[in-house]
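Visitor: The structure that follows is given in the form of structure tokens.
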Amino acid sequence: MGEKVYIFDTTLRDGEQAPGFSMTTGEKLQMAQQLARLNVDIIEAGFAAASKGDWEAINLIAKEVKGPVICSLARALERDIEAAAEALKPAERKRIHTFIATSPIHMKYKLKMSPEEVLERAKKAVSYARNFTDDVEFSCEDATRSEREFLYKIIEEAIKAGATVINIPDTVGYAIPDEFYNLIRDIKENVPNIDKAIISVHCHDDLGLATANSLMAVLAGARQVECTINGIGERAGNAALEEVVMALKVRKDHFKGLYTEVNTPELYKTSRLLCRITGTFVQPNKAIVGDNAFAHESGIHQHGVLAKRETYEIMKPEDVGFPKSKIVLGKHSGRHALKAKLKELGYEVDEETLNKLFEKFKALADQKKEVYEEDLEALIYEQFRTSGGEDYLKLEHLQVQTGNNILPTATVKLVFKGEEKTATETGNGPVDAAIKAIQKATGIKPKFVDYSIKALTPNTDAQAEARVVIELDGIKASGRASDIDIVKASVKAYVDALNRLLARKEYLRSKQNISREGTV
Ligand code: KIV
Ligand code: ZN
């Protein structure tokens, strides 16, 4: 067997900081628990000094999530490192990840520091971080546009100061695969003490090369890859975890037996959980987890797969947990059957949650004969969302009238920032009328950027899943919800988006003074 490649997941930090992907503390915890089931090696849970919300999420994940190393990002500043250390205190295993930019353009225009000052700052930061943990990662931000000799020097000094992992980010997604391979090879050959640290890579996808660059780096000797679920992250995103992991697994012949310890049958579920939490979809043709990743439409392909699966499939759907739409329960199923099915799907719920879910399941099973796995996942998510207690807006009542000879009319009753509000409006259709009524009641009128609705299962009694993207004052947010009624699904998705938009506005307000001392 070859060597292990460590998987460092930064969905909750680099991923979450991208527009449209913000998560509440409860949602981050749910995601971190799933990442632990996926068996990633390191979870970067956030950037403790960035905001109170980030700090609290890291702290909660450090308390609750067992297995992976829990990590916080920190600029090369004592106060950031202290915030990271404090937030990480409850973790069984913790890492502080400190960074500073090393490229001429970042040092001159962003940091306004000389290379000598940057070198000193890096050394101090690493040795300060070592006071709190033996596991310290140092990143040379914008490494791919840094001068080689300076890069070698700062890496050598960071290792002397106690860094155990050296991360080489392609911060702006500028590198080309053979070039990135050479960079990692040259670092191995020119940094005298490099054998005392693990080389990590962190690639952005601005040219669509993040996965390719990460894999080339592994061939050149990197043994940690930083990546995110569904490839989310700043701008075009980061290397997609599912792609890196499956490329190493499917092509282990090429990668000389290198392996990860990721529990790949959990990949699909993790991808979908992230979609539900952030109100996003992955494109149907997305590698590994897209809806079409294992679909064979053409007759020639279907015939080939039926004759021998390997003709057109290089991996099995079950290797990544890709589901077949299965009927799981019906209206006569009891609480035990529901509990057992939830367990099979990876959800261990307490009695109180089980009771609430059972009520909702019974109501759904009365409406539609067969309940599918997708339906159950939607119920679990709805339950989780509404028990978070962090919403600005709660829909209490919705009534719509529509037909071929009447003007569609909607009445809503809602609680907005603790106050009860009621409004009635007419519109072009029932959804339009309901959204206008919510806008009248809240006084908030965001622009619609996107709205889509799709059936979760292929029947007329399917649950509908609605997705809404809205924008206000340059801030975008998406929402997602499911219901057997398409009007209710749409309105719930709109309320979800509005809650995220308000939360994101608050988050950005609390983050305002961070950008002056270096962006991430
Ligand atoms: O892209 C980047 O350079 C980063 C660092 C903070 C690792 O996200
Ligand atoms: Zn990044």
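Chain labels run A, B, ... following the order of the structure tokens; each chain numbers its residues from 1, and ligands are numbered from 1 in the order shown.
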With only C-alpha atoms and all ligand atoms counted, collect every polymer residue having an atom within 9 Å of ligand 1; state the result as a short mmCIF file (atom, residue, chain, number, x, y, z; two decimals) with all heavy atoms, in the first residue's frame.
Guide:
```cif
data_model
loop_
_atom_site.label_atom_id
_atom_site.label_comp_id
_atom_site.auth_asym_id
_atom_site.auth_seq_id
_atom_site.Cartn_x
_atom_site.Cartn_y
_atom_site.Cartn_z
N THR A 10 -12.40 22.30 3.96
CA THR A 10 -12.58 23.72 4.32
C THR A 10 -13.94 24.26 3.86
O THR A 10 -14.12 25.46 3.67
CB THR A 10 -11.37 24.58 3.87
OG1 THR A 10 -11.56 25.92 4.31
CG2 THR A 10 -11.14 24.55 2.37
N ARG A 13 -15.17 26.96 6.10
CA ARG A 13 -14.40 28.20 6.16
C ARG A 13 -14.32 28.84 4.78
O ARG A 13 -15.06 29.76 4.48
CB ARG A 13 -13.01 27.91 6.76
CG ARG A 13 -12.31 29.13 7.29
CD ARG A 13 -11.61 29.95 6.23
NE ARG A 13 -10.53 29.25 5.57
CZ ARG A 13 -9.93 29.70 4.47
NH1 ARG A 13 -10.31 30.82 3.90
NH2 ARG A 13 -8.97 28.99 3.90
N ASP A 14 -13.51 28.30 3.88
CA ASP A 14 -13.40 28.91 2.55
C ASP A 14 -14.73 28.80 1.81
O ASP A 14 -15.17 29.73 1.12
CB ASP A 14 -12.29 28.21 1.74
CG ASP A 14 -11.59 29.14 0.77
OD1 ASP A 14 -12.29 29.97 0.17
OD2 ASP A 14 -10.37 29.04 0.59
N LEU A 73 -8.78 29.00 11.17
CA LEU A 73 -7.87 29.88 10.44
C LEU A 73 -7.54 31.07 11.33
O LEU A 73 -8.35 31.47 12.19
CB LEU A 73 -8.55 30.35 9.14
CG LEU A 73 -7.66 31.15 8.19
CD1 LEU A 73 -6.55 30.28 7.62
CD2 LEU A 73 -8.49 31.73 7.03
N ALA A 74 -6.35 31.66 11.14
CA ALA A 74 -5.96 32.85 11.89
C ALA A 74 -4.94 33.62 11.05
O ALA A 74 -4.02 33.00 10.50
CB ALA A 74 -5.31 32.45 13.22
N ARG A 75 -5.13 34.94 10.91
CA ARG A 75 -4.05 35.70 10.27
C ARG A 75 -2.81 35.63 11.16
O ARG A 75 -2.90 35.23 12.33
CB ARG A 75 -4.50 37.16 10.08
CG ARG A 75 -5.52 37.34 8.98
CD ARG A 75 -6.17 38.70 9.06
NE ARG A 75 -6.84 38.85 10.36
CZ ARG A 75 -7.46 39.94 10.76
NH1 ARG A 75 -7.49 41.00 9.96
NH2 ARG A 75 -8.06 40.00 11.93
N HIS A 97 -4.30 27.23 12.02
CA HIS A 97 -3.84 27.43 10.65
C HIS A 97 -3.60 28.92 10.46
O HIS A 97 -4.53 29.70 10.36
CB HIS A 97 -4.94 26.92 9.70
CG HIS A 97 -4.67 27.18 8.25
ND1 HIS A 97 -5.63 27.04 7.28
CD2 HIS A 97 -3.56 27.59 7.59
CE1 HIS A 97 -5.12 27.33 6.09
NE2 HIS A 97 -3.87 27.68 6.26
N THR A 98 -2.33 29.30 10.47
CA THR A 98 -2.03 30.73 10.33
C THR A 98 -1.45 31.00 8.95
O THR A 98 -0.83 30.13 8.35
CB THR A 98 -1.12 31.21 11.49
OG1 THR A 98 -0.99 32.62 11.39
CG2 THR A 98 0.25 30.57 11.47
N PHE A 99 -1.70 32.20 8.45
CA PHE A 99 -1.27 32.49 7.07
C PHE A 99 -0.88 33.95 6.90
O PHE A 99 -1.32 34.82 7.66
CB PHE A 99 -2.40 32.15 6.09
CG PHE A 99 -3.51 33.18 6.09
CD1 PHE A 99 -3.57 34.16 5.10
CD2 PHE A 99 -4.47 33.18 7.08
CE1 PHE A 99 -4.58 35.11 5.10
CE2 PHE A 99 -5.48 34.13 7.09
CZ PHE A 99 -5.55 35.09 6.10
N ILE A 100 -0.05 34.16 5.88
CA ILE A 100 0.25 35.53 5.45
C ILE A 100 0.60 35.47 3.96
O ILE A 100 1.12 34.45 3.49
CB ILE A 100 1.40 36.16 6.30
CG1 ILE A 100 1.45 37.67 6.06
CG2 ILE A 100 2.74 35.50 6.04
CD1 ILE A 100 2.17 38.44 7.16
N ALA A 101 0.30 36.56 3.26
CA ALA A 101 0.55 36.57 1.81
C ALA A 101 2.05 36.73 1.54
O ALA A 101 2.75 37.46 2.24
CB ALA A 101 -0.23 37.70 1.16
N PHE A 138 1.03 26.40 8.43
CA PHE A 138 1.35 27.73 7.93
C PHE A 138 1.09 27.78 6.43
O PHE A 138 1.52 26.91 5.67
CB PHE A 138 2.82 28.08 8.21
CG PHE A 138 3.22 29.38 7.55
CD1 PHE A 138 2.71 30.59 8.01
CD2 PHE A 138 4.07 29.39 6.45
CE1 PHE A 138 3.04 31.79 7.37
CE2 PHE A 138 4.40 30.58 5.82
CZ PHE A 138 3.89 31.78 6.28
N SER A 139 0.37 28.83 5.99
CA SER A 139 0.06 29.00 4.56
C SER A 139 0.73 30.24 4.00
O SER A 139 0.66 31.31 4.62
CB SER A 139 -1.44 29.19 4.35
OG SER A 139 -2.10 27.98 4.40
N CYS A 140 1.32 30.08 2.82
CA CYS A 140 1.90 31.22 2.11
C CYS A 140 0.85 31.66 1.11
O CYS A 140 0.79 31.12 -0.01
CB CYS A 140 3.13 30.80 1.33
SG CYS A 140 4.18 29.61 2.16
N GLU A 141 0.00 32.60 1.50
CA GLU A 141 -1.09 32.99 0.61
C GLU A 141 -0.55 33.49 -0.73
O GLU A 141 0.45 34.21 -0.76
CB GLU A 141 -1.95 34.06 1.28
CG GLU A 141 -3.26 34.29 0.55
CD GLU A 141 -4.01 35.53 1.04
OE1 GLU A 141 -3.48 36.30 1.86
OE2 GLU A 141 -5.14 35.75 0.55
N ASP A 142 -1.21 33.13 -1.80
CA ASP A 142 -0.81 33.49 -3.17
C ASP A 142 0.57 32.92 -3.52
O ASP A 142 1.36 33.55 -4.24
CB ASP A 142 -0.84 35.02 -3.35
CG ASP A 142 -1.05 35.42 -4.82
OD1 ASP A 142 -1.48 34.57 -5.62
OD2 ASP A 142 -0.78 36.58 -5.16
N ALA A 143 0.82 31.69 -3.03
CA ALA A 143 2.14 31.06 -3.24
C ALA A 143 2.51 30.94 -4.71
O ALA A 143 3.67 31.09 -5.09
CB ALA A 143 2.14 29.67 -2.59
N ASN A 167 1.29 24.81 3.84
CA ASN A 167 0.27 24.82 2.79
C ASN A 167 0.67 25.76 1.66
O ASN A 167 1.10 26.89 1.91
CB ASN A 167 -1.07 25.25 3.40
CG ASN A 167 -2.20 25.16 2.42
OD1 ASN A 167 -2.24 24.25 1.59
ND2 ASN A 167 -3.13 26.10 2.48
N ILE A 168 0.51 25.26 0.43
CA ILE A 168 0.88 26.04 -0.76
C ILE A 168 -0.42 26.36 -1.51
O ILE A 168 -0.90 25.55 -2.32
CB ILE A 168 1.84 25.22 -1.68
CG1 ILE A 168 3.03 24.68 -0.87
CG2 ILE A 168 2.31 26.03 -2.87
CD1 ILE A 168 3.91 25.77 -0.24
N PRO A 169 -1.01 27.52 -1.25
CA PRO A 169 -2.27 27.82 -1.92
C PRO A 169 -2.08 28.42 -3.31
O PRO A 169 -1.19 29.24 -3.51
CB PRO A 169 -2.94 28.86 -1.00
CG PRO A 169 -2.07 28.99 0.20
CD PRO A 169 -0.71 28.50 -0.19
N ASP A 170 -2.94 27.99 -4.21
CA ASP A 170 -3.06 28.69 -5.50
C ASP A 170 -4.28 29.59 -5.31
O ASP A 170 -5.38 29.31 -5.79
CB ASP A 170 -3.26 27.68 -6.63
CG ASP A 170 -3.32 28.36 -7.99
OD1 ASP A 170 -2.77 29.48 -8.11
OD2 ASP A 170 -3.91 27.79 -8.92
N THR A 171 -4.06 30.66 -4.57
CA THR A 171 -5.14 31.51 -4.06
C THR A 171 -6.06 32.06 -5.15
O THR A 171 -7.26 32.19 -4.96
CB THR A 171 -4.51 32.67 -3.26
OG1 THR A 171 -3.71 32.07 -2.23
CG2 THR A 171 -5.54 33.59 -2.64
N VAL A 172 -5.47 32.40 -6.29
CA VAL A 172 -6.29 33.02 -7.35
C VAL A 172 -6.54 32.05 -8.51
O VAL A 172 -6.98 32.47 -9.58
CB VAL A 172 -5.65 34.34 -7.84
CG1 VAL A 172 -5.75 35.41 -6.77
CG2 VAL A 172 -4.20 34.14 -8.25
N GLY A 173 -6.26 30.78 -8.32
CA GLY A 173 -6.55 29.77 -9.34
C GLY A 173 -5.80 30.03 -10.64
O GLY A 173 -6.36 29.88 -11.73
N VAL A 201 -1.74 21.32 -0.21
CA VAL A 201 -2.08 22.24 -1.30
C VAL A 201 -3.53 22.68 -1.17
O VAL A 201 -4.37 21.96 -0.59
CB VAL A 201 -1.83 21.63 -2.70
CG1 VAL A 201 -0.35 21.52 -2.96
CG2 VAL A 201 -2.53 20.29 -2.86
N HIS A 202 -3.81 23.86 -1.70
CA HIS A 202 -5.12 24.49 -1.54
C HIS A 202 -5.38 25.23 -2.86
O HIS A 202 -4.82 26.31 -3.08
CB HIS A 202 -5.03 25.43 -0.34
CG HIS A 202 -6.23 26.29 -0.10
ND1 HIS A 202 -7.02 26.16 1.01
CD2 HIS A 202 -6.75 27.33 -0.80
CE1 HIS A 202 -7.98 27.07 0.99
NE2 HIS A 202 -7.84 27.80 -0.11
N CYS A 203 -6.14 24.61 -3.75
CA CYS A 203 -6.25 25.17 -5.10
C CYS A 203 -7.63 25.76 -5.36
O CYS A 203 -8.65 25.12 -5.09
CB CYS A 203 -5.98 24.07 -6.13
SG CYS A 203 -4.31 23.43 -5.98
N HIS A 204 -7.63 26.95 -5.93
CA HIS A 204 -8.90 27.57 -6.35
C HIS A 204 -9.15 27.27 -7.82
O HIS A 204 -8.24 26.93 -8.58
CB HIS A 204 -8.88 29.07 -6.02
CG HIS A 204 -9.21 29.31 -4.57
ND1 HIS A 204 -10.49 29.49 -4.14
CD2 HIS A 204 -8.42 29.33 -3.47
CE1 HIS A 204 -10.49 29.62 -2.81
NE2 HIS A 204 -9.24 29.53 -2.38
N GLU A 226 -6.42 20.34 0.48
CA GLU A 226 -7.50 21.14 1.06
C GLU A 226 -8.59 21.26 0.00
O GLU A 226 -8.32 21.60 -1.16
CB GLU A 226 -6.98 22.51 1.49
CG GLU A 226 -5.84 22.36 2.46
CD GLU A 226 -5.51 23.59 3.28
OE1 GLU A 226 -6.12 24.65 3.06
OE2 GLU A 226 -4.64 23.49 4.14
N GLY A 233 -16.58 27.68 -2.60
CA GLY A 233 -15.47 28.49 -2.07
C GLY A 233 -15.42 29.83 -2.76
O GLY A 233 -16.23 30.12 -3.64
N GLU A 234 -14.45 30.63 -2.37
CA GLU A 234 -14.29 31.97 -2.94
C GLU A 234 -14.36 31.94 -4.47
O GLU A 234 -13.76 31.07 -5.10
CB GLU A 234 -12.92 32.54 -2.53
CG GLU A 234 -12.88 33.13 -1.13
CD GLU A 234 -13.58 34.48 -1.04
OE1 GLU A 234 -13.79 35.15 -2.07
OE2 GLU A 234 -13.92 34.87 0.09
N ASN A 238 -13.21 26.03 -4.66
CA ASN A 238 -11.99 25.27 -4.35
C ASN A 238 -12.04 23.92 -5.06
O ASN A 238 -13.07 23.56 -5.63
CB ASN A 238 -11.93 25.02 -2.84
CG ASN A 238 -11.66 26.27 -2.03
OD1 ASN A 238 -12.44 27.20 -2.02
ND2 ASN A 238 -10.53 26.30 -1.35
N THR A 519 -7.15 40.00 3.52
CA THR A 519 -8.36 39.26 3.19
C THR A 519 -8.05 37.77 3.15
O THR A 519 -6.90 37.37 3.13
CB THR A 519 -8.86 39.68 1.80
OG1 THR A 519 -7.78 39.56 0.91
CG2 THR A 519 -9.43 41.06 1.81
N VAL A 520 -9.10 36.98 3.15
CA VAL A 520 -8.92 35.54 2.93
C VAL A 520 -9.83 35.11 1.82
O VAL A 520 -10.83 35.70 1.58
CB VAL A 520 -9.23 34.70 4.18
CG1 VAL A 520 -8.04 34.72 5.10
CG2 VAL A 520 -10.48 35.16 4.87
#
```
Visitor: I'd like the contact shell of segment 244-246 of chain A - 9 Å cut-off, only C-alpha atoms, skipping same-chain residues fewer than 2 positions apart - returned as a ChimeraX atom specification.
Guide: /A:7,211-212,214-215,225,227,239-242,248-251,259-260,262,264,288,315,320
Visitor: Kindly indicate which residue among A:Ala503, A:Ala129, A:Ala32, A:Val349 lies nearest to Tyr392 of chain A, using only C-alpha atoms for the distances.
Guide: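 For Tyr392 of chain A, the nearest of the candidates is A:Ala503.
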Visitor: Do you know which residues are at most 9 Å from Arg272 of chain A counting only C-alpha atoms, after dropping those on the same chain fewer than 6 positions away, and could you put them as a CSV table (one decimal) with all heavy atoms, in the first residue's frame?
Guide:
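Written output follows (part_39.csv):
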```csv
chain,number,residue,atom,x,y,z
A,281,PHE,N,-28.3,24.0,-5.6
A,281,PHE,CA,-28.3,22.8,-6.3
A,281,PHE,C,-26.9,22.6,-6.9
A,281,PHE,O,-26.2,23.5,-7.2
A,281,PHE,CB,-29.3,22.8,-7.5
A,281,PHE,CG,-30.7,22.8,-7.1
A,281,PHE,CD1,-31.5,23.8,-7.5
A,281,PHE,CD2,-31.3,21.8,-6.3
A,281,PHE,CE1,-32.9,23.8,-7.2
A,281,PHE,CE2,-32.6,21.8,-6.0
A,281,PHE,CZ,-33.4,22.8,-6.4
A,282,VAL,N,-26.5,21.3,-7.1
A,282,VAL,CA,-25.3,21.1,-8.0
A,282,VAL,C,-25.7,20.9,-9.4
A,282,VAL,O,-26.8,20.4,-9.6
A,282,VAL,CB,-24.4,19.9,-7.5
A,282,VAL,CG1,-23.7,20.2,-6.2
A,282,VAL,CG2,-25.2,18.6,-7.5
A,289,VAL,N,-21.3,13.6,-8.0
A,289,VAL,CA,-22.5,13.8,-7.2
A,289,VAL,C,-23.6,14.5,-8.0
A,289,VAL,O,-24.7,14.7,-7.5
A,289,VAL,CB,-22.2,14.6,-5.9
A,289,VAL,CG1,-21.4,13.9,-5.0
A,289,VAL,CG2,-21.6,16.0,-6.3
```
Visitor: Pick from A:Thr426, A:Thr280, A:Thr409, A:Gln17: nearest to Asp450 of chain A, with only C-alpha atoms counted?
Guide: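 Of the candidates, the smallest distance to Asp450 of chain A is held by A:Thr280.
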Visitor: Considering only C-alpha atoms, return as a VMD selection string whatever protein or nucleic-acid residues lie within 9 Å of Ile486 of chain A, sequence-local ones (same chain, fewer than 4 positions apart) excluded.
Guide: chain A and resid 431 453 463 to 466 482 490 to 491
Visitor: Using only C-alpha atoms, which residue out of A:Tyr268, A:Tyr128, A:Phe21, A:Phe255 lies closest to Glu318 of chain A?
Guide: A:Tyr268
Visitor: What does the structure give for the distance between atom CA of Ile314 of chain A and atom CA of Gly208 of chain A, in Å to one decimal?
Guide: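 If I compute the distance from atom CA of Ile314 of chain A to atom CA of Gly208 of chain A, I get 21.9 Å.
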Visitor: At a cut-off of 12 Å, using only C-alpha atoms, what residues contact Lys339 of chain A? Leave out same-chain residues fewer than 2 positions from it and give the result as a list of chain:residue names.
Guide: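 So, after excluding close chain neighbours, the residues are A:Val328, A:Leu329, A:Ser333, A:Gly334, A:Arg335, A:His336, A:Ala337, A:Lys341, A:Leu342, A:Lys343, A:Glu344, A:Leu345, A:Gly346, A:Tyr347, A:Glu348, A:Val349, A:Asp350, A:Glu351, A:Glu352, A:Thr353, A:Leu354, A:Asn355, A:Lys356, A:Leu357, A:Phe358, A:Phe361, A:Leu376, A:Ile380.
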Visitor: List the spatial neighbours of Leu38 of chain A as a list of chain:residue names - criterion: any atom at most 10 Å away, only C-alpha atoms, same-chain residues fewer than 5 positions off excluded.
Guide: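 Near neighbours after the sequence-gap exclusion: A:Ala32, A:Gln33, A:Pro68, A:Glu261, A:Val262, A:Asn263, A:Thr264, A:Pro265, A:Glu266, A:Leu267, A:Lys269, A:Thr270.
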Visitor: Suppose you want the space between atom CA of His303 of chain A and atom CA of Gly321 of chain A; what is it in Å?
Guide: 23.6 Å
Visitor: What does the distance between atom CA of Lys256 of chain A and atom CA of Asp205 of chain A come to in Å, to one decimal place?
Guide: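 Between atom CA of Lys256 of chain A and atom CA of Asp205 of chain A the gap is 25.5 Å.
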Visitor: Pick out the residues sitting within 7 Å of Ile176 of chain A, and hand them over as a PDB file with C-alpha atoms, in the first residue's frame; count only C-alpha atoms, and ignore anything fewer than 3 positions along from it in its own chain.
Guide:
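Contents of selection.pdb, as written:
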```
ATOM      1  CA  GLU A 179       3.617  24.217 -13.443  1.00  0.00           C
ATOM      2  CA  PHE A 180       2.077  23.378 -10.065  1.00  0.00           C
ATOM      3  CA  ASN A 213      -3.675  20.948  -9.867  1.00  0.00           C
TER       4      ASN A 213
END
```
Visitor: Just list as a PyMOL selection string whatever in segment 31-258 of chain A DSSP marks as strand (DSSP E).
Guide: chain A and resi 42-47+69-75+94-101+136-141+165-170+198-203+224-227
Visitor: Write to file, as a compact mmCIF listing (two decimals), in the first residue's frame, the residues of the selection just made, with N, CA and C atoms.
Guide:
```txt
# COMPACT_ATOMS: atom_id res chain seq x y z
N ILE A 42 -9.25 16.45 8.64
CA ILE A 42 -9.24 17.75 9.32
C ILE A 42 -10.47 18.54 8.86
N ILE A 43 -11.15 19.16 9.83
CA ILE A 43 -12.27 20.05 9.49
C ILE A 43 -11.84 21.47 9.83
N GLU A 44 -11.72 22.33 8.82
CA GLU A 44 -11.48 23.74 9.11
C GLU A 44 -12.86 24.35 9.38
N ALA A 45 -13.12 24.61 10.66
CA ALA A 45 -14.49 24.95 11.07
C ALA A 45 -14.81 26.42 10.91
N GLY A 46 -13.82 27.25 10.64
CA GLY A 46 -14.08 28.67 10.45
C GLY A 46 -12.85 29.49 10.72
N PHE A 47 -13.08 30.77 10.91
CA PHE A 47 -12.01 31.76 11.09
C PHE A 47 -12.39 32.52 12.35
N VAL A 69 -9.47 16.17 13.26
CA VAL A 69 -8.81 17.32 13.90
C VAL A 69 -9.68 18.55 13.57
N ILE A 70 -9.93 19.40 14.56
CA ILE A 70 -10.72 20.62 14.29
C ILE A 70 -9.74 21.79 14.19
N CYS A 71 -9.95 22.61 13.18
CA CYS A 71 -8.97 23.65 12.86
C CYS A 71 -9.66 25.01 12.74
N SER A 72 -8.92 26.06 13.13
CA SER A 72 -9.40 27.42 12.85
C SER A 72 -8.34 28.17 12.09
N LEU A 73 -8.78 29.00 11.17
CA LEU A 73 -7.87 29.88 10.44
C LEU A 73 -7.54 31.07 11.33
N ALA A 74 -6.35 31.66 11.14
CA ALA A 74 -5.96 32.85 11.89
C ALA A 74 -4.94 33.62 11.05
N ARG A 75 -5.13 34.94 10.91
CA ARG A 75 -4.05 35.70 10.27
C ARG A 75 -2.81 35.63 11.16
N LYS A 94 -6.67 19.54 17.97
CA LYS A 94 -6.88 20.86 17.37
C LYS A 94 -5.69 21.31 16.53
N ARG A 95 -6.00 22.14 15.55
CA ARG A 95 -4.95 22.73 14.71
C ARG A 95 -5.20 24.22 14.54
N ILE A 96 -4.12 25.00 14.64
CA ILE A 96 -4.23 26.43 14.28
C ILE A 96 -3.58 26.58 12.92
N HIS A 97 -4.30 27.23 12.02
CA HIS A 97 -3.84 27.43 10.65
C HIS A 97 -3.60 28.92 10.46
N THR A 98 -2.33 29.30 10.47
CA THR A 98 -2.03 30.73 10.33
C THR A 98 -1.45 31.00 8.95
N PHE A 99 -1.70 32.20 8.45
CA PHE A 99 -1.27 32.49 7.07
C PHE A 99 -0.88 33.95 6.90
N ILE A 100 -0.05 34.16 5.88
CA ILE A 100 0.25 35.53 5.45
C ILE A 100 0.60 35.47 3.96
N ALA A 101 0.30 36.56 3.26
CA ALA A 101 0.55 36.57 1.81
C ALA A 101 2.05 36.73 1.54
N VAL A 136 0.42 22.91 14.02
CA VAL A 136 0.31 24.26 13.46
C VAL A 136 0.57 24.20 11.95
N GLU A 137 -0.38 24.76 11.22
CA GLU A 137 -0.23 24.82 9.75
C GLU A 137 0.09 26.26 9.36
N PHE A 138 1.03 26.40 8.43
CA PHE A 138 1.35 27.73 7.93
C PHE A 138 1.09 27.78 6.43
N SER A 139 0.37 28.83 5.99
CA SER A 139 0.06 29.00 4.56
C SER A 139 0.73 30.24 4.00
N CYS A 140 1.32 30.08 2.82
CA CYS A 140 1.90 31.22 2.11
C CYS A 140 0.85 31.66 1.11
N GLU A 141 0.00 32.60 1.50
CA GLU A 141 -1.09 32.99 0.61
C GLU A 141 -0.55 33.49 -0.73
N VAL A 165 2.68 21.57 9.21
CA VAL A 165 2.09 21.44 7.87
C VAL A 165 2.38 22.75 7.14
N ILE A 166 2.85 22.64 5.90
CA ILE A 166 3.10 23.84 5.08
C ILE A 166 2.13 23.79 3.91
N ASN A 167 1.29 24.81 3.84
CA ASN A 167 0.27 24.82 2.79
C ASN A 167 0.67 25.76 1.66
N ILE A 168 0.51 25.26 0.43
CA ILE A 168 0.88 26.04 -0.76
C ILE A 168 -0.42 26.36 -1.51
N PRO A 169 -1.01 27.52 -1.25
CA PRO A 169 -2.27 27.82 -1.92
C PRO A 169 -2.08 28.42 -3.31
N ASP A 170 -2.94 27.99 -4.21
CA ASP A 170 -3.06 28.69 -5.50
C ASP A 170 -4.28 29.59 -5.31
N ILE A 198 4.46 18.24 6.62
CA ILE A 198 3.64 17.69 5.53
C ILE A 198 3.37 18.82 4.55
N ILE A 199 3.51 18.54 3.26
CA ILE A 199 3.17 19.57 2.27
C ILE A 199 1.69 19.44 1.93
N SER A 200 1.02 20.58 2.01
CA SER A 200 -0.41 20.62 1.71
C SER A 200 -0.63 21.53 0.50
N VAL A 201 -1.74 21.32 -0.21
CA VAL A 201 -2.08 22.24 -1.30
C VAL A 201 -3.53 22.68 -1.17
N HIS A 202 -3.81 23.86 -1.70
CA HIS A 202 -5.12 24.49 -1.54
C HIS A 202 -5.38 25.23 -2.86
N CYS A 203 -6.14 24.61 -3.75
CA CYS A 203 -6.25 25.17 -5.10
C CYS A 203 -7.63 25.76 -5.36
N GLN A 224 -1.28 16.39 1.78
CA GLN A 224 -2.56 16.89 2.29
C GLN A 224 -3.20 17.71 1.17
N VAL A 225 -4.50 17.49 0.96
CA VAL A 225 -5.24 18.30 -0.02
C VAL A 225 -6.36 19.03 0.71
N GLU A 226 -6.42 20.34 0.48
CA GLU A 226 -7.50 21.14 1.06
C GLU A 226 -8.59 21.26 0.00
N CYS A 227 -9.81 20.99 0.39
CA CYS A 227 -10.88 20.94 -0.60
C CYS A 227 -12.22 21.16 0.09
```
Visitor: Under the rule that only C-alpha atoms and all ligand atoms are counted, which of A:Ser103, A:Thr311, A:Thr11, A:Asn405 is the nearest residue to ligand 2?
Guide: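 Using only C-alpha atoms and all ligand atoms, ligand 2 sits closest to A:Thr11.
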Visitor: Using DSSP assignments from the backbone, pull out every residue in segment 291-366 of chain A that falls under alpha helix (DSSP H) and give it to me as a PyMOL selection string.
Guide: chain A and resi 299-307+335-344+351-366
